[in-house]
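Take a look at the structure below.
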Amino acid sequence: MMQSKGSNSKVSNMVFRTRISSLLISMFAIFASFYVAGRLWQDAQTRVHLIKELDRVTGLGQSAISVDDTLKIIACREKHKKLSALETYLAAAEKEGFTSKRSSNTDGVVSKRRPLVVIGILTRFGSKNNRDAIRKAWMGSGATLKKMEKEKGIVSRFVIGRSADRGDNLDRSIDDENRQTDDFMILDQVEAPGELPKKAKMFFALAADRWDADFYAKVNDDVYVNIDALGAALTSHLNKPRVYIGCMKSGEVFSEPNHKWYEPDWWKFGDKKSYFRHASGEMYVISSALAKFISINRNLLRTYAHDDVSAGSWFLGLDAEHVNEGKFCCSSWSTGAICSGV
């Protein structure tokens with residue numbers, strides 16, 4: 001009996017020792033697994049780092065741009081996909097008879113969904129007689145002005161700045177006239193002859209912000225406009241996204257300070273004798289995209305001594321179509337003329 005008890009005790013001790021050994025081995029295996037996994041992760045990270053460094057140093061890798069640039073490219077591609085999808089959608093909608101700009105009623109009469117053109121008539125203090133003459137000749141006032149906007153899609157406003165002495169008699173006279181006619185766009189800048197280029201720039205910028213039109217026109221306050229002829233001419237250019245229409249000319253650059261048309265930056269223009277081609281300042285028209293370009297970049301666009309030269313300079317570096325239209329030559333009195341000077 002004593003021998004049997006001793007044998008049982010030995011067996012129990014062996015089982016206990018076996019269990020302890022198994023537990024230790026399991027723990028060792030777990031720790032070893034963590035260690036190996038960690039080393040593999042570190043090695044993988046090291047390889048990635050080395051590959052990137054190799055690409056950077058030798059330039060032999062397939063990636064030649066930064067991560068930021070890659071992300072930008074991916075974002076652009078995603079936007080391009082969305083744009084393509086929208087274009088496909090719009091194309092399908094147009095086949096079904098949908099038009100975004102204008103639609104026809106059951107009688108086939110075109111209904112204006114947005115203005116065809118916004119005309120800015122640049123005027124100044126002391127030119128009320130000119131403004132009254134324009135109102136009677138072609139612009140209209142009150143209900144007539146609103147009717148032209150609604151039926152023809154042509155918006156007209158007199159454009160003027162503020163007096164250097166804010167709130168003086170000059171400002172009050174314009175405010176009084178505007179209360180009676182409601183046909184002014186009053187700019188928050190000084191009204192002065194030397195500020196005309198900036199005035200034209202601000203008109204295009206603010207008009208593009210206020211009205212979503214197909215075209216924007218600048219006109220002097222001594223020019224008479226044939227509204228029907230203007231509407232017909234502009235309709236023929238609706239499919240041109242970036243168009244600049246006018247009586248194109250070059251014109252001499254005058255470097256003498258005492259000359260009426262003196263250009264302080266005369267030395268910048270090629271042979272110092274002639275300007276680049278641009279539309280004459282009596283009247284010219286630009287499409288919506290060009291007006292929005294002016295609006296966005298109003299603080300960066302350079303102005304020269306004259307508003308027509310300034311406007312022409314803004315479009316030189318753009319993919320804009322210059323249309324030399326003889327009907328916009330206001331002093332020619334040609335057949336079918338759109339404008340005429342007085």
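By convention in this document, the chains of the structure tokens carry letters A, B, ... by their order, each chain's residues are numbered from 1, and ligands are numbered from 1 in the order they are shown.
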
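Running DSSP on the backbone gives strand (DSSP E) for these residues within segment 109-199 of chain A: A:Val110, A:Ser111, A:Lys112, A:Val117, A:Val118, A:Ile119, A:Gly120, A:Ile121, A:Leu122, A:Ile154, A:Val155, A:Ser156, A:Arg157, A:Phe158, A:Val159, A:Ile160, A:Gly161, A:Arg162, A:Phe184, A:Met185, A:Ile186, A:Leu187, A:Asp188, A:Gln189, A:Val190.
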
Any chance you could tabulate, as a tab-separated table, the residues of segment 251-315 of chain A at most 12 Å from segment 235-239 of chain A with each one's nearest atom pair and distance in Å to one decimal, using only C-alpha atoms, in chain and rising number order?
residue	atom	partner	partner_atom	distance
A:Val285	CA	A:His237	CA	10.9
A:Ile286	CA	A:His237	CA	10.5
A:Ser287	CA	A:Leu238	CA	8.5
A:Ser288	CA	A:Leu238	CA	10.0
A:Ala289	CA	A:Leu238	CA	11.8

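Residues within 9 Å of Leu234 of chain A, counting only C-alpha atoms and excluding same-chain residues fewer than 6 positions away, are Leu116, Val117, Asp214, Phe215 and Val285 of chain A.
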
Write the residues of the selection above to a file with N, CA and C atoms, as a PDB file, in the first residue's frame.
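part25.pdb was written with the following content:
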ATOM      1  N   LEU A 116     -30.474  88.994 -71.813  1.00  0.00           N
ATOM      2  CA  LEU A 116     -29.586  88.793 -72.950  1.00  0.00           C
ATOM      3  C   LEU A 116     -28.333  89.629 -72.763  1.00  0.00           C
ATOM      4  N   VAL A 117     -28.523  90.899 -72.380  1.00  0.00           N
ATOM      5  CA  VAL A 117     -27.381  91.796 -72.214  1.00  0.00           C
ATOM      6  C   VAL A 117     -27.684  92.838 -71.150  1.00  0.00           C
ATOM      7  N   ASP A 214     -26.205  86.886 -70.570  1.00  0.00           N
ATOM      8  CA  ASP A 214     -25.361  86.287 -71.599  1.00  0.00           C
ATOM      9  C   ASP A 214     -24.236  87.223 -72.003  1.00  0.00           C
ATOM     10  N   PHE A 215     -24.513  88.541 -72.020  1.00  0.00           N
ATOM     11  CA  PHE A 215     -23.532  89.528 -72.449  1.00  0.00           C
ATOM     12  C   PHE A 215     -23.604  90.764 -71.554  1.00  0.00           C
ATOM     13  N   VAL A 285     -18.898  94.896 -76.329  1.00  0.00           N
ATOM     14  CA  VAL A 285     -19.659  93.874 -75.616  1.00  0.00           C
ATOM     15  C   VAL A 285     -18.746  92.695 -75.297  1.00  0.00           C
TER      16      VAL A 285
END

Please, which residues of segment 224-314 of chain A, numbered as in this document, come out alpha helix (DSSP H) from DSSP, as a PyMOL selection string?
chain A and resi 227-235+288-296+307-314

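Closest approach to Ala213 of chain A among A:Lys292, A:Arg298, A:His306, A:Arg124 is made by A:Lys292 (distances from only C-alpha atoms).
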
At a cut-off of 12 Å, using only C-alpha atoms, what residues contact Ile160 of chain A? Leave out same-chain residues fewer than 6 positions from it and give the result as an MDAnalysis selection string.
chainID A and resid 120:128 131 170:171 174:175 178 183:193 195:196 198:200 202:203 220:221

Show me, as a list in words, the residues that have an atom within 10 Å of Val118 of chain A when counting only C-alpha atoms, minus same-chain residues fewer than 6 positions from it.
Glu149, Gly153, Ile154, Val155, Ser156, Arg157, Phe204, Ala207, Ala208, Trp211, Asp212, Ala213, Asp214, Phe215, Tyr216, Ala217, Lys218 and Val285 of chain A

Find the residues near Gly317 of chain A: any atom within 12 Å, counting only C-alpha atoms, skip ones fewer than 5 places away on the same chain, and give them as number ranges by chain.
A: 290, 293, 301, 311-312

Among listed residues A:Phe328, A:Tyr304, A:Phe315, A:Tyr284, nearest Val219 of chain A (using only C-alpha atoms)
A:Tyr284

What is the distance, in Å and to one decimal place, between atom CA of Ser310 of chain A and atom CA of Pro197 of chain A?
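Separation between atom CA of Ser310 of chain A and atom CA of Pro197 of chain A: 6.4 Å.
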
Which of these, A:Ala291, A:Asp165, A:Cys339, A:Gly251, has the shortest distance to Ala137 of chain A once you count only C-alpha atoms?
A:Cys339

Between atom CA of Asn324 of chain A and atom CA of Gly246 of chain A, distance in Å (one decimal)
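Taking atom CA of Asn324 of chain A and atom CA of Gly246 of chain A, their separation equals 5.6 Å.
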
What's the separation between atom CA of His322 of chain A and atom CA of Cys247 of chain A, in Å to one decimal place?
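Taking atom CA of His322 of chain A as the start and atom CA of Cys247 of chain A as the end point, the length is 10.0 Å.
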
For Glu263 of chain A, list every protein, DNA or RNA residue within 7 Å, evaluated using only C-alpha atoms, and leave out those in the same chain fewer than 2 positions away; present the list as a ChimeraX atom specification.
/A:253-255,261,265-266,305
